[in-house]
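The structure file work-v5.pdb is reproduced below (PDB, C-alpha atoms).
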```pdb
MODEL        1
ATOM      1  CA  MET A  17      11.032 -19.884  -3.811
ATOM      2  CA  SER A  18      12.467 -16.409  -3.341
ATOM      3  CA  LEU A  19      11.339 -13.767  -5.803
ATOM      4  CA  LYS A  20      13.198 -10.539  -6.493
ATOM      5  CA  ILE A  21      11.976  -7.621  -8.595
ATOM      6  CA  GLU A  22      14.648  -5.118  -9.609
ATOM      7  CA  ASN A  23      13.980  -1.632 -11.041
ATOM      8  CA  LEU A  24      10.948  -2.816 -13.006
ATOM      9  CA  ASN A  25       9.424  -0.430 -15.549
ATOM     10  CA  VAL A  26       6.304  -1.337 -17.506
ATOM     11  CA  GLU A  27       4.541   0.577 -20.275
ATOM     12  CA  LEU A  28       1.066  -0.051 -21.660
ATOM     13  CA  GLN A  29       0.022   1.834 -24.801
ATOM     14  CA  LYS A  30       2.994   4.200 -24.309
ATOM     15  CA  ASP A  31       1.865   5.095 -20.770
ATOM     16  CA  GLU A  32       4.347   4.220 -18.032
ATOM     17  CA  ILE A  33       2.399   2.156 -15.479
ATOM     18  CA  LEU A  34       5.188   0.957 -13.158
ATOM     19  CA  HIS A  35       8.185   3.096 -12.200
ATOM     20  CA  GLU A  36      11.405   1.482 -10.982
ATOM     21  CA  ILE A  37       9.616  -1.095  -8.814
ATOM     22  CA  SER A  38      11.940  -3.090  -6.548
ATOM     23  CA  LEU A  39      11.002  -5.563  -3.848
ATOM     24  CA  GLU A  40      12.154  -8.913  -2.507
ATOM     25  CA  ILE A  41       9.842 -11.726  -1.432
ATOM     26  CA  LYS A  42      11.390 -14.484   0.624
ATOM     27  CA  ASP A  43      10.656 -18.175   0.254
ATOM     28  CA  GLY A  44       7.355 -19.006   1.950
ATOM     29  CA  GLU A  45       6.226 -15.407   2.475
ATOM     30  CA  PHE A  46       2.679 -14.155   1.936
ATOM     31  CA  VAL A  47       2.818 -10.681   0.397
ATOM     32  CA  SER A  48      -0.082  -8.390  -0.490
ATOM     33  CA  LEU A  49       0.053  -5.743  -3.203
ATOM     34  CA  LEU A  50      -2.348  -3.174  -1.787
ATOM     35  CA  GLY A  51      -3.733   0.014  -3.310
ATOM     36  CA  GLN A  52      -6.552   1.831  -5.065
ATOM     37  CA  SER A  53      -7.803   0.741  -8.488
ATOM     38  CA  GLY A  54      -5.374   1.837 -11.183
ATOM     39  CA  CYS A  55      -2.306   2.005  -8.921
ATOM     40  CA  GLY A  56      -0.462  -0.724 -10.878
ATOM     41  CA  LYS A  57      -0.797  -3.696  -8.542
ATOM     42  CA  SER A  58      -2.434  -6.046 -11.095
ATOM     43  CA  THR A  59       0.042  -4.907 -13.745
ATOM     44  CA  LEU A  60       2.883  -5.848 -11.399
ATOM     45  CA  LEU A  61       1.320  -9.272 -10.760
ATOM     46  CA  LYS A  62       0.865  -9.938 -14.483
ATOM     47  CA  SER A  63       4.440  -8.805 -15.161
ATOM     48  CA  ILE A  64       5.667 -11.386 -12.651
ATOM     49  CA  ALA A  65       3.517 -14.027 -14.396
ATOM     50  CA  GLY A  66       4.892 -13.032 -17.823
ATOM     51  CA  LEU A  67       1.505 -11.917 -19.162
ATOM     52  CA  ILE A  68       2.712  -8.330 -19.673
ATOM     53  CA  PRO A  69       6.144  -7.527 -21.167
ATOM     54  CA  VAL A  70       8.472  -5.288 -19.175
ATOM     55  CA  LYS A  71      10.207  -2.228 -20.584
ATOM     56  CA  SER A  72      13.243  -2.577 -18.336
ATOM     57  CA  GLY A  73      14.313  -4.152 -15.067
ATOM     58  CA  ASP A  74      14.353  -7.759 -13.996
ATOM     59  CA  VAL A  75      12.297 -10.465 -12.293
ATOM     60  CA  LEU A  76      14.370 -13.173 -10.623
ATOM     61  CA  LEU A  77      13.142 -16.467  -9.230
ATOM     62  CA  ASP A  78      15.765 -18.073  -6.997
ATOM     63  CA  GLU A  79      18.350 -15.628  -8.400
ATOM     64  CA  LYS A  80      17.582 -16.606 -12.036
ATOM     65  CA  SER A  81      16.012 -14.087 -14.411
ATOM     66  CA  ILE A  82      12.633 -15.125 -15.808
ATOM     67  CA  VAL A  83      11.748 -12.014 -17.854
ATOM     68  CA  ASN A  84      12.436 -13.871 -21.099
ATOM     69  CA  VAL A  85      10.843 -17.135 -19.976
ATOM     70  CA  ALA A  86       7.395 -18.037 -21.367
ATOM     71  CA  PRO A  87       4.536 -17.715 -18.833
ATOM     72  CA  GLU A  88       3.833 -21.461 -18.829
ATOM     73  CA  ASN A  89       7.468 -22.224 -17.950
ATOM     74  CA  ARG A  90       7.987 -19.680 -15.164
ATOM     75  CA  GLY A  91       6.607 -21.723 -12.293
ATOM     76  CA  THR A  92       4.090 -19.013 -11.480
ATOM     77  CA  VAL A  93       0.331 -19.613 -11.547
ATOM     78  CA  ILE A  94      -2.247 -16.837 -11.425
ATOM     79  CA  VAL A  95      -5.861 -16.977 -10.177
ATOM     80  CA  PHE A  96      -7.877 -14.153 -11.724
ATOM     81  CA  GLN A  97     -10.861 -12.272 -10.370
ATOM     82  CA  ASP A  98     -13.099 -13.807 -13.077
ATOM     83  CA  LEU A  99     -11.614 -17.300 -12.350
ATOM     84  CA  ARG A 100     -11.601 -18.348 -16.053
ATOM     85  CA  LEU A 101     -12.908 -21.854 -15.419
ATOM     86  CA  PHE A 102     -14.133 -23.935 -18.372
ATOM     87  CA  PRO A 103     -17.950 -24.103 -18.074
ATOM     88  CA  HIS A 104     -18.316 -27.121 -20.377
ATOM     89  CA  MET A 105     -15.967 -29.261 -18.239
ATOM     90  CA  THR A 106     -16.485 -31.048 -14.951
ATOM     91  CA  VAL A 107     -14.719 -29.969 -11.773
ATOM     92  CA  GLU A 108     -12.223 -32.809 -12.210
ATOM     93  CA  LYS A 109     -11.355 -31.840 -15.787
ATOM     94  CA  ASN A 110     -10.939 -28.177 -14.829
ATOM     95  CA  ILE A 111      -8.519 -29.008 -12.024
ATOM     96  CA  ALA A 112      -6.609 -31.544 -14.135
ATOM     97  CA  PHE A 113      -6.281 -29.246 -17.157
ATOM     98  CA  ALA A 114      -2.609 -28.319 -16.634
ATOM     99  CA  MET A 115      -1.717 -31.939 -15.879
ATOM    100  CA  GLU A 116      -3.531 -33.062 -19.053
ATOM    101  CA  LEU A 117      -1.411 -30.657 -21.123
ATOM    102  CA  LYS A 118       1.710 -32.123 -19.555
ATOM    103  CA  LYS A 119       0.418 -35.642 -20.323
ATOM    104  CA  VAL A 120       0.463 -36.724 -16.680
ATOM    105  CA  PRO A 121      -0.943 -40.292 -16.445
ATOM    106  CA  LYS A 122      -4.714 -40.416 -15.798
ATOM    107  CA  ALA A 123      -4.337 -42.350 -12.548
ATOM    108  CA  GLU A 124      -1.967 -39.687 -11.176
ATOM    109  CA  GLN A 125      -4.354 -36.930 -12.306
ATOM    110  CA  LYS A 126      -7.253 -38.531 -10.433
ATOM    111  CA  LYS A 127      -5.133 -38.955  -7.309
ATOM    112  CA  VAL A 128      -4.014 -35.293  -7.333
ATOM    113  CA  VAL A 129      -7.546 -34.007  -8.037
ATOM    114  CA  LYS A 130      -8.965 -36.076  -5.184
ATOM    115  CA  GLU A 131      -6.346 -34.738  -2.745
ATOM    116  CA  LEU A 132      -6.821 -31.137  -3.856
ATOM    117  CA  LEU A 133     -10.609 -31.324  -3.558
ATOM    118  CA  GLU A 134     -10.128 -32.495   0.016
ATOM    119  CA  ASP A 135      -7.726 -29.592   0.589
ATOM    120  CA  VAL A 136     -10.294 -27.037  -0.633
ATOM    121  CA  GLN A 137     -13.170 -28.761   1.200
ATOM    122  CA  LEU A 138     -14.954 -30.029  -1.932
ATOM    123  CA  ALA A 139     -14.396 -33.778  -1.547
ATOM    124  CA  GLY A 140     -16.668 -35.779  -3.863
ATOM    125  CA  TYR A 141     -17.305 -32.931  -6.327
ATOM    126  CA  GLU A 142     -15.229 -34.440  -9.159
ATOM    127  CA  ASN A 143     -18.154 -34.955 -11.552
ATOM    128  CA  ARG A 144     -20.076 -31.776 -10.747
ATOM    129  CA  LYS A 145     -20.558 -29.380 -13.672
ATOM    130  CA  ILE A 146     -19.110 -25.883 -13.271
ATOM    131  CA  ARG A 147     -22.485 -24.256 -13.994
ATOM    132  CA  GLU A 148     -23.962 -26.142 -11.038
ATOM    133  CA  MET A 149     -21.541 -24.613  -8.517
ATOM    134  CA  SER A 150     -22.005 -21.615  -6.212
ATOM    135  CA  GLY A 151     -19.662 -18.622  -6.244
ATOM    136  CA  GLY A 152     -17.735 -19.804  -3.201
ATOM    137  CA  GLN A 153     -17.384 -23.302  -4.644
ATOM    138  CA  LEU A 154     -16.077 -21.895  -7.931
ATOM    139  CA  GLN A 155     -13.409 -19.994  -5.998
ATOM    140  CA  ARG A 156     -12.295 -23.269  -4.419
ATOM    141  CA  VAL A 157     -12.167 -25.029  -7.789
ATOM    142  CA  ALA A 158     -10.049 -22.215  -9.248
ATOM    143  CA  LEU A 159      -7.687 -22.428  -6.286
ATOM    144  CA  ALA A 160      -7.413 -26.223  -6.646
ATOM    145  CA  ARG A 161      -6.689 -25.852 -10.381
ATOM    146  CA  ALA A 162      -3.880 -23.405  -9.613
ATOM    147  CA  LEU A 163      -2.376 -25.717  -6.999
ATOM    148  CA  ALA A 164      -2.569 -28.676  -9.409
ATOM    149  CA  ALA A 165       0.097 -26.947 -11.509
ATOM    150  CA  ASN A 166       2.452 -27.230  -8.496
ATOM    151  CA  PRO A 167       3.449 -23.547  -8.652
ATOM    152  CA  LYS A 168       6.651 -22.103  -7.268
ATOM    153  CA  VAL A 169       4.778 -18.829  -6.736
ATOM    154  CA  LEU A 170       0.990 -18.546  -6.352
ATOM    155  CA  LEU A 171      -0.408 -15.263  -7.699
ATOM    156  CA  LEU A 172      -3.908 -14.125  -6.673
ATOM    157  CA  ASP A 173      -5.462 -11.206  -8.587
ATOM    158  CA  GLU A 174      -8.322 -10.070  -6.302
ATOM    159  CA  PRO A 175     -10.010 -13.502  -6.492
ATOM    160  CA  PHE A 176     -12.334 -12.825  -3.532
ATOM    161  CA  SER A 177     -13.656  -9.395  -4.567
ATOM    162  CA  GLY A 178     -16.970 -10.740  -5.909
ATOM    163  CA  LEU A 179     -17.836 -12.630  -2.720
ATOM    164  CA  ASP A 180     -19.921 -11.477   0.211
ATOM    165  CA  GLU A 181     -18.073 -10.740   3.452
ATOM    166  CA  LYS A 182     -18.689 -14.155   5.050
ATOM    167  CA  LEU A 183     -17.428 -16.094   2.006
ATOM    168  CA  ARG A 184     -14.540 -13.682   1.577
ATOM    169  CA  LEU A 185     -13.361 -14.365   5.131
ATOM    170  CA  GLU A 186     -13.762 -18.129   4.628
ATOM    171  CA  MET A 187     -11.740 -18.098   1.403
ATOM    172  CA  GLY A 188      -9.071 -15.908   2.969
ATOM    173  CA  ALA A 189      -8.699 -18.341   5.859
ATOM    174  CA  LEU A 190      -8.540 -21.291   3.440
ATOM    175  CA  VAL A 191      -5.877 -19.658   1.259
ATOM    176  CA  LYS A 192      -3.777 -18.780   4.293
ATOM    177  CA  LYS A 193      -4.100 -22.353   5.615
ATOM    178  CA  LEU A 194      -3.022 -23.903   2.302
ATOM    179  CA  HIS A 195      -0.230 -21.337   1.951
ATOM    180  CA  LYS A 196       1.241 -22.532   5.253
ATOM    181  CA  GLU A 197       0.609 -26.257   4.769
ATOM    182  CA  LYS A 198       2.083 -26.363   1.266
ATOM    183  CA  LYS A 199       4.858 -23.859   2.104
ATOM    184  CA  LEU A 200       3.940 -21.659  -0.841
ATOM    185  CA  THR A 201       5.263 -18.263  -1.792
ATOM    186  CA  THR A 202       2.067 -16.268  -2.358
ATOM    187  CA  ILE A 203       1.316 -12.787  -3.725
ATOM    188  CA  LEU A 204      -2.185 -11.358  -3.332
ATOM    189  CA  VAL A 205      -3.519  -8.277  -5.125
ATOM    190  CA  THR A 206      -6.189  -6.515  -3.063
ATOM    191  CA  HIS A 207      -7.640  -3.093  -2.324
ATOM    192  CA  ASP A 208      -9.023  -4.304   1.022
ATOM    193  CA  LYS A 209      -6.722  -3.044   3.780
ATOM    194  CA  ARG A 210      -8.208  -5.350   6.415
ATOM    195  CA  GLU A 211      -7.637  -8.377   4.181
ATOM    196  CA  ALA A 212      -4.013  -7.346   3.619
ATOM    197  CA  LEU A 213      -3.366  -6.668   7.316
ATOM    198  CA  GLN A 214      -4.858  -9.996   8.417
ATOM    199  CA  MET A 215      -3.284 -12.265   5.804
ATOM    200  CA  SER A 216       0.138 -10.891   4.978
ATOM    201  CA  ASP A 217       3.685 -11.292   6.193
ATOM    202  CA  LYS A 218       4.442  -8.099   4.259
ATOM    203  CA  ILE A 219       2.433  -5.440   2.437
ATOM    204  CA  ALA A 220       3.534  -3.387  -0.566
ATOM    205  CA  LEU A 221       1.302  -0.297  -0.571
ATOM    206  CA  MET A 222       1.175   1.105  -4.103
ATOM    207  CA  SER A 223       0.120   4.419  -5.617
ATOM    208  CA  GLU A 224       0.404   5.620  -9.219
ATOM    209  CA  GLY A 225       2.901   2.943 -10.203
ATOM    210  CA  ASP A 226       5.166   3.346  -7.185
ATOM    211  CA  ILE A 227       5.573   1.481  -3.909
ATOM    212  CA  LEU A 228       4.942   3.908  -1.048
ATOM    213  CA  GLN A 229       6.036   1.460   1.655
ATOM    214  CA  TYR A 230       6.969  -2.224   1.793
ATOM    215  CA  ASP A 231       6.827  -3.522   5.330
ATOM    216  CA  SER A 232       5.173  -5.811   7.851
ATOM    217  CA  PRO A 233       1.475  -5.144   8.586
ATOM    218  CA  GLU A 234       2.363  -3.832  12.061
ATOM    219  CA  ASN A 235       5.060  -1.454  10.807
ATOM    220  CA  ILE A 236       3.083  -0.120   7.871
ATOM    221  CA  PHE A 237       0.146   0.641  10.203
ATOM    222  CA  TYR A 238       1.992   1.993  13.242
ATOM    223  CA  TYR A 239       5.078   3.468  11.519
ATOM    224  CA  PRO A 240       3.877   4.878   8.180
ATOM    225  CA  VAL A 241       6.507   6.746   6.198
ATOM    226  CA  SER A 242       4.194   9.366   4.675
ATOM    227  CA  ARG A 243       0.790  11.000   4.958
ATOM    228  CA  LYS A 244      -0.414   8.963   1.956
ATOM    229  CA  VAL A 245       0.313   5.766   3.873
ATOM    230  CA  VAL A 246      -1.392   7.090   7.018
ATOM    231  CA  ASP A 247      -4.526   8.084   5.100
ATOM    232  CA  TYR A 248      -4.853   4.767   3.253
ATOM    233  CA  PHE A 249      -5.380   2.914   6.515
ATOM    234  CA  GLY A 250      -8.206   5.098   7.783
ATOM    235  CA  LYS A 251      -8.948   8.376   9.535
ATOM    236  CA  ALA A 252      -6.199  10.294  11.264
ATOM    237  CA  ASN A 253      -5.830  13.549  13.143
ATOM    238  CA  TYR A 254      -3.013  15.891  12.146
ATOM    239  CA  VAL A 255      -1.503  18.523  14.378
ATOM    240  CA  GLU A 256       1.292  20.905  13.469
ATOM    241  CA  GLY A 257       4.019  21.733  15.958
ATOM    242  CA  GLU A 258       7.617  22.734  16.516
ATOM    243  CA  VAL A 259      10.436  20.503  17.708
ATOM    244  CA  LYS A 260      13.096  22.222  19.778
ATOM    245  CA  ASP A 261      15.701  20.512  21.954
ATOM    246  CA  GLY A 262      13.953  17.140  21.709
ATOM    247  CA  THR A 263      10.467  18.445  22.549
ATOM    248  CA  PHE A 264       7.472  18.693  20.207
ATOM    249  CA  LYS A 265       5.074  21.493  21.172
ATOM    250  CA  SER A 266       1.557  21.687  19.727
ATOM    251  CA  GLU A 267      -1.926  22.828  20.697
ATOM    252  CA  ILE A 268      -2.786  19.390  22.075
ATOM    253  CA  GLY A 269       0.290  19.096  24.278
ATOM    254  CA  THR A 270       4.042  18.747  24.606
ATOM    255  CA  PHE A 271       5.790  15.466  23.797
ATOM    256  CA  GLU A 272       9.306  14.057  23.700
ATOM    257  CA  ALA A 273      10.622  13.730  20.144
ATOM    258  CA  GLU A 274      14.041  12.507  19.025
ATOM    259  CA  LEU A 275      14.050  14.788  15.996
ATOM    260  CA  THR A 276      16.126  17.640  14.704
ATOM    261  CA  ASP A 277      14.671  21.060  15.412
ATOM    262  CA  GLY A 278      12.013  22.202  12.962
ATOM    263  CA  THR A 279       8.327  22.180  12.036
ATOM    264  CA  TYR A 280       6.589  18.796  11.916
ATOM    265  CA  LEU A 281       3.165  17.326  11.344
ATOM    266  CA  ALA A 282       2.118  14.656  13.836
ATOM    267  CA  ALA A 283      -0.490  12.029  12.926
ATOM    268  CA  ILE A 284      -2.696  10.453  15.598
ATOM    269  CA  ARG A 285      -5.254   7.708  15.001
ATOM    270  CA  PRO A 286      -8.743   8.419  16.471
ATOM    271  CA  PHE A 287      -8.446   5.524  18.950
ATOM    272  CA  ASP A 288      -5.125   6.911  20.220
ATOM    273  CA  LEU A 289      -6.707  10.250  21.137
ATOM    274  CA  GLU A 290      -9.148  10.497  24.047
ATOM    275  CA  PRO A 291     -11.065  13.179  25.908
ATOM    276  CA  ASP A 292      -9.652  14.404  29.214
ATOM    277  CA  MET A 293     -12.489  15.253  31.578
ATOM    278  CA  LYS A 294     -10.144  17.397  33.696
ATOM    279  CA  GLY A 295      -9.369  19.780  30.840
ATOM    280  CA  ASN A 296     -11.401  22.590  29.311
ATOM    281  CA  GLU A 297      -9.376  23.773  26.311
ATOM    282  CA  PHE A 298     -11.659  22.150  23.720
ATOM    283  CA  VAL A 299     -15.379  21.664  23.036
ATOM    284  CA  LEU A 300     -17.022  18.286  22.424
ATOM    285  CA  SER A 301     -19.098  19.322  19.427
ATOM    286  CA  GLU A 302     -20.579  15.997  18.284
ATOM    287  CA  VAL A 303     -21.077  12.412  19.437
ATOM    288  CA  VAL A 304     -21.871   9.702  16.847
ATOM    289  CA  PHE A 305     -22.951   6.266  18.112
ATOM    290  CA  LYS A 306     -21.362   3.510  15.984
ATOM    291  CA  GLY A 307     -22.364   0.377  17.880
ATOM    292  CA  GLU A 308     -19.314  -0.937  19.704
ATOM    293  CA  THR A 309     -17.682   2.497  19.619
ATOM    294  CA  ALA A 310     -18.622   6.152  19.651
ATOM    295  CA  GLU A 311     -16.961   8.798  17.489
ATOM    296  CA  LEU A 312     -16.360  12.108  19.217
ATOM    297  CA  THR A 313     -15.635  15.356  17.404
ATOM    298  CA  ILE A 314     -13.614  17.665  19.653
ATOM    299  CA  ALA A 315     -12.950  21.194  18.412
ATOM    300  CA  SER A 316     -10.377  23.865  19.143
ATOM    301  CA  ASP A 317     -10.686  27.426  17.836
ATOM    302  CA  SER A 318      -8.879  26.460  14.659
ATOM    303  CA  LYS A 319      -9.684  22.794  13.865
ATOM    304  CA  GLU A 320     -11.513  19.588  14.792
ATOM    305  CA  TYR A 321     -10.132  16.324  16.146
ATOM    306  CA  ILE A 322     -11.756  12.886  15.972
ATOM    307  CA  CYS A 323     -11.614  10.463  18.910
ATOM    308  CA  GLU A 324     -12.957   6.921  18.891
ATOM    309  CA  VAL A 325     -13.861   5.404  22.273
ATOM    310  CA  VAL A 326     -15.591   2.184  23.290
ATOM    311  CA  CYS A 327     -19.242   2.805  24.139
ATOM    312  CA  ALA A 328     -18.841   1.693  27.750
ATOM    313  CA  GLU A 329     -16.307   4.493  28.258
ATOM    314  CA  TRP A 330     -18.563   7.004  26.508
ATOM    315  CA  LYS A 331     -21.474   6.075  28.779
ATOM    316  CA  ASN A 332     -19.416   5.942  31.985
ATOM    317  CA  GLN A 333     -18.009   9.409  31.380
ATOM    318  CA  LYS A 334     -21.479  10.709  30.375
ATOM    319  CA  LEU A 335     -19.995  12.530  27.416
ATOM    320  CA  GLN A 336     -22.401  14.903  25.684
ATOM    321  CA  ALA A 337     -22.134  17.490  22.930
ATOM    322  CA  GLY A 338     -21.427  20.940  24.320
ATOM    323  CA  GLN A 339     -19.091  19.837  27.117
ATOM    324  CA  THR A 340     -15.632  21.343  27.488
ATOM    325  CA  VAL A 341     -12.829  18.774  27.674
ATOM    326  CA  GLY A 342      -9.104  18.374  27.247
ATOM    327  CA  LEU A 343      -7.301  15.928  24.959
ATOM    328  CA  LYS A 344      -4.937  13.095  25.882
ATOM    329  CA  VAL A 345      -2.676  11.238  23.482
ATOM    330  CA  LYS A 346      -1.872   7.631  24.320
ATOM    331  CA  GLU A 347       1.825   7.272  25.028
ATOM    332  CA  GLY A 348       4.056   6.434  22.080
ATOM    333  CA  THR A 349       1.347   6.756  19.406
ATOM    334  CA  LEU A 350       2.350  10.014  17.692
ATOM    335  CA  VAL A 351       3.749   9.535  14.187
ATOM    336  CA  PHE A 352       5.921  12.465  13.074
ATOM    337  CA  LEU A 353       5.995  13.483   9.435
ATOM    338  CA  ASP A 354       8.050  16.222   7.821
ATOM    339  CA  LYS A 355       5.727  19.137   7.175
TER
ENDMDL
END
```

Do you think you could lay out the structure here as structure tokens?
Amino acid sequence: MSLKIENLNVELQKDEILHEISLEIKDGEFVSLLGQSGCGKSTLLKSIAGLIPVKSGDVLLDEKSIVNVAPENRGTVIVFQDLRLFPHMTVEKNIAFAMELKKVPKAEQKKVVKELLEDVQLAGYENRKIREMSGGQLQRVALARALAANPKVLLLDEPFSGLDEKLRLEMGALVKKLHKEKKLTTILVTHDKREALQMSDKIALMSEGDILQYDSPENIFYYPVSRKVVDYFGKANYVEGEVKDGTFKSEIGTFEAELTDGTYLAAIRPFDLEPDMKGNEFVLSEVVFKGETAELTIASDSKEYICEVVCAEWKNQKLQAGQTVGLKVKEGTLVFLDK
């Protein structure tokens, strides 16, 4: 089911939380709303679900507006961070809750619950009490309950944030598997950039109620549109330079650049910058061992640059603090930003 959000504005207690949000999610896509706490991503998810009223704008499901449709009739189902399972009910009754409200025959309910428990790898848990389940098992029950409602759009509001890393990865893999098998349209709210990069077809990076960039994981990482986007995905080196006649000149070198003449800031990821043992323009001031990699701080007279190299390379080159080195930028990795 395709979902389109057009010029959405949302206010809470007279504070504008979302500003003219527009994005389109195609049928079967997995989209992550990514950003720091308070950026508006959960508000956007709840607005799609109908749990928060919108000030202006529209939400369309298969080209039909749903802003005035009750939450239970929208075809969207949301899984919250706190799961909101019923502790006094069995696993079966929790999963069948939506079907019970719709008066689905008991035999059909049991059939669906059995199939969904197999899907979430909890076969045979029908009669288990919720209070007897582990955190990872509760996540699976909540996911099965959401799927039992046969949603057009599955909405996930940071449901894995309370899990340890191992369980988080397992649940992420399970959600992605079910997303593909059931051909769902899925929206995940997360602040974990690795989770978003690994799971998504597209990422909407949000900040202060705006979408900074909406793109594929590869594009948003390698072709960020602003310094805010660059910085969200980890450390970066910045070097200022001048473009003239298609050439960018800076203190770390000269590079081809199809840009109009002017002053630019170039961003370079630490793993795209490496020491050049043949040069002597810079000083290797610090080496930090990080296990699989080593982080090198290389200083000019005016600033410091960070390089990240695999440890085998660090050892082979016998890099030590105090050495003089040059800097090499891997071809095609500079990202130019207007200064």

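Distance check against A:Lys244 using all atoms listed in the file: of A:Val259, A:Met222, A:Ala112, A:Thr92, the minimum falls on A:Met222.
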
Original post:
Can you list, as a list in words, the residues that the PyMOL selection byres ((chain A and resi 200-207) around 6) selects here?
Top reply: Asp43, Gly44, Glu45, Phe46, Val47, Ser48, Leu49, Leu50, Gly51, Gln52, Val169, Leu170, Leu171, Leu172, Asp173, Glu174, His195, Lys198, Lys199 and Asp208 of chain A

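Rounded to one decimal, atom CA of A:Asp98 and atom CA of A:Ala65 lie 16.7 Å from each other.
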
Box for stretch 248-251 of chain A - axis-aligned, 4 Å on each of the six sides, all listed atoms - centre and size in Å to one decimal, as lines of an AutoDock Vina configuration file.
```
center_x = -6.9
center_y = 5.6
center_z = 6.4
size_x = 12.1
size_y = 13.5
size_z = 14.3
```

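Each of A:Leu39, A:Val351, A:Glu272, A:Leu179 was compared to A:Val241 using only C-alpha atoms, and A:Val351 turns out to be the nearest.
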
Original post:
Applied to the shown file, which residues does the PyMOL selection byres ((chain A and resi 157-165) around 9) return, written as a PyMOL selection string?
Top reply: chain A and resi 91-96+99-101+107-108+110-115+125+128-129+132-133+135-136+138+146+152-156+166-167+170+191

Output C-alpha atoms of each residue in that selection to a file, as an mmCIF file, in the coordinates of the input.
```cif
data_model
loop_
_atom_site.group_PDB
_atom_site.id
_atom_site.type_symbol
_atom_site.label_atom_id
_atom_site.label_comp_id
_atom_site.auth_asym_id
_atom_site.auth_seq_id
_atom_site.Cartn_x
_atom_site.Cartn_y
_atom_site.Cartn_z
ATOM 1 C CA GLY A 91 6.607 -21.723 -12.293
ATOM 2 C CA THR A 92 4.090 -19.013 -11.480
ATOM 3 C CA VAL A 93 0.331 -19.613 -11.547
ATOM 4 C CA ILE A 94 -2.247 -16.837 -11.425
ATOM 5 C CA VAL A 95 -5.861 -16.977 -10.177
ATOM 6 C CA PHE A 96 -7.877 -14.153 -11.724
ATOM 7 C CA LEU A 99 -11.614 -17.300 -12.350
ATOM 8 C CA ARG A 100 -11.601 -18.348 -16.053
ATOM 9 C CA LEU A 101 -12.908 -21.854 -15.419
ATOM 10 C CA VAL A 107 -14.719 -29.969 -11.773
ATOM 11 C CA GLU A 108 -12.223 -32.809 -12.210
ATOM 12 C CA ASN A 110 -10.939 -28.177 -14.829
ATOM 13 C CA ILE A 111 -8.519 -29.008 -12.024
ATOM 14 C CA ALA A 112 -6.609 -31.544 -14.135
ATOM 15 C CA PHE A 113 -6.281 -29.246 -17.157
ATOM 16 C CA ALA A 114 -2.609 -28.319 -16.634
ATOM 17 C CA MET A 115 -1.717 -31.939 -15.879
ATOM 18 C CA GLN A 125 -4.354 -36.930 -12.306
ATOM 19 C CA VAL A 128 -4.014 -35.293 -7.333
ATOM 20 C CA VAL A 129 -7.546 -34.007 -8.037
ATOM 21 C CA LEU A 132 -6.821 -31.137 -3.856
ATOM 22 C CA LEU A 133 -10.609 -31.324 -3.558
ATOM 23 C CA ASP A 135 -7.726 -29.592 0.589
ATOM 24 C CA VAL A 136 -10.294 -27.037 -0.633
ATOM 25 C CA LEU A 138 -14.954 -30.029 -1.932
ATOM 26 C CA ILE A 146 -19.110 -25.883 -13.271
ATOM 27 C CA GLY A 152 -17.735 -19.804 -3.201
ATOM 28 C CA GLN A 153 -17.384 -23.302 -4.644
ATOM 29 C CA LEU A 154 -16.077 -21.895 -7.931
ATOM 30 C CA GLN A 155 -13.409 -19.994 -5.998
ATOM 31 C CA ARG A 156 -12.295 -23.269 -4.419
ATOM 32 C CA ASN A 166 2.452 -27.230 -8.496
ATOM 33 C CA PRO A 167 3.449 -23.547 -8.652
ATOM 34 C CA LEU A 170 0.990 -18.546 -6.352
ATOM 35 C CA VAL A 191 -5.877 -19.658 1.259
#
```

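Evaluating the PyMOL selection byres ((chain A and resi 285) around 7) against the shown model yields A:Lys251, A:Ala252, A:Asn253, A:Ala283, A:Ile284, A:Pro286, A:Phe287, A:Asp288, A:Leu289.
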
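Straight-line separation from atom CA of A:Glu297 to atom CA of A:Leu343: 8.2 Å.
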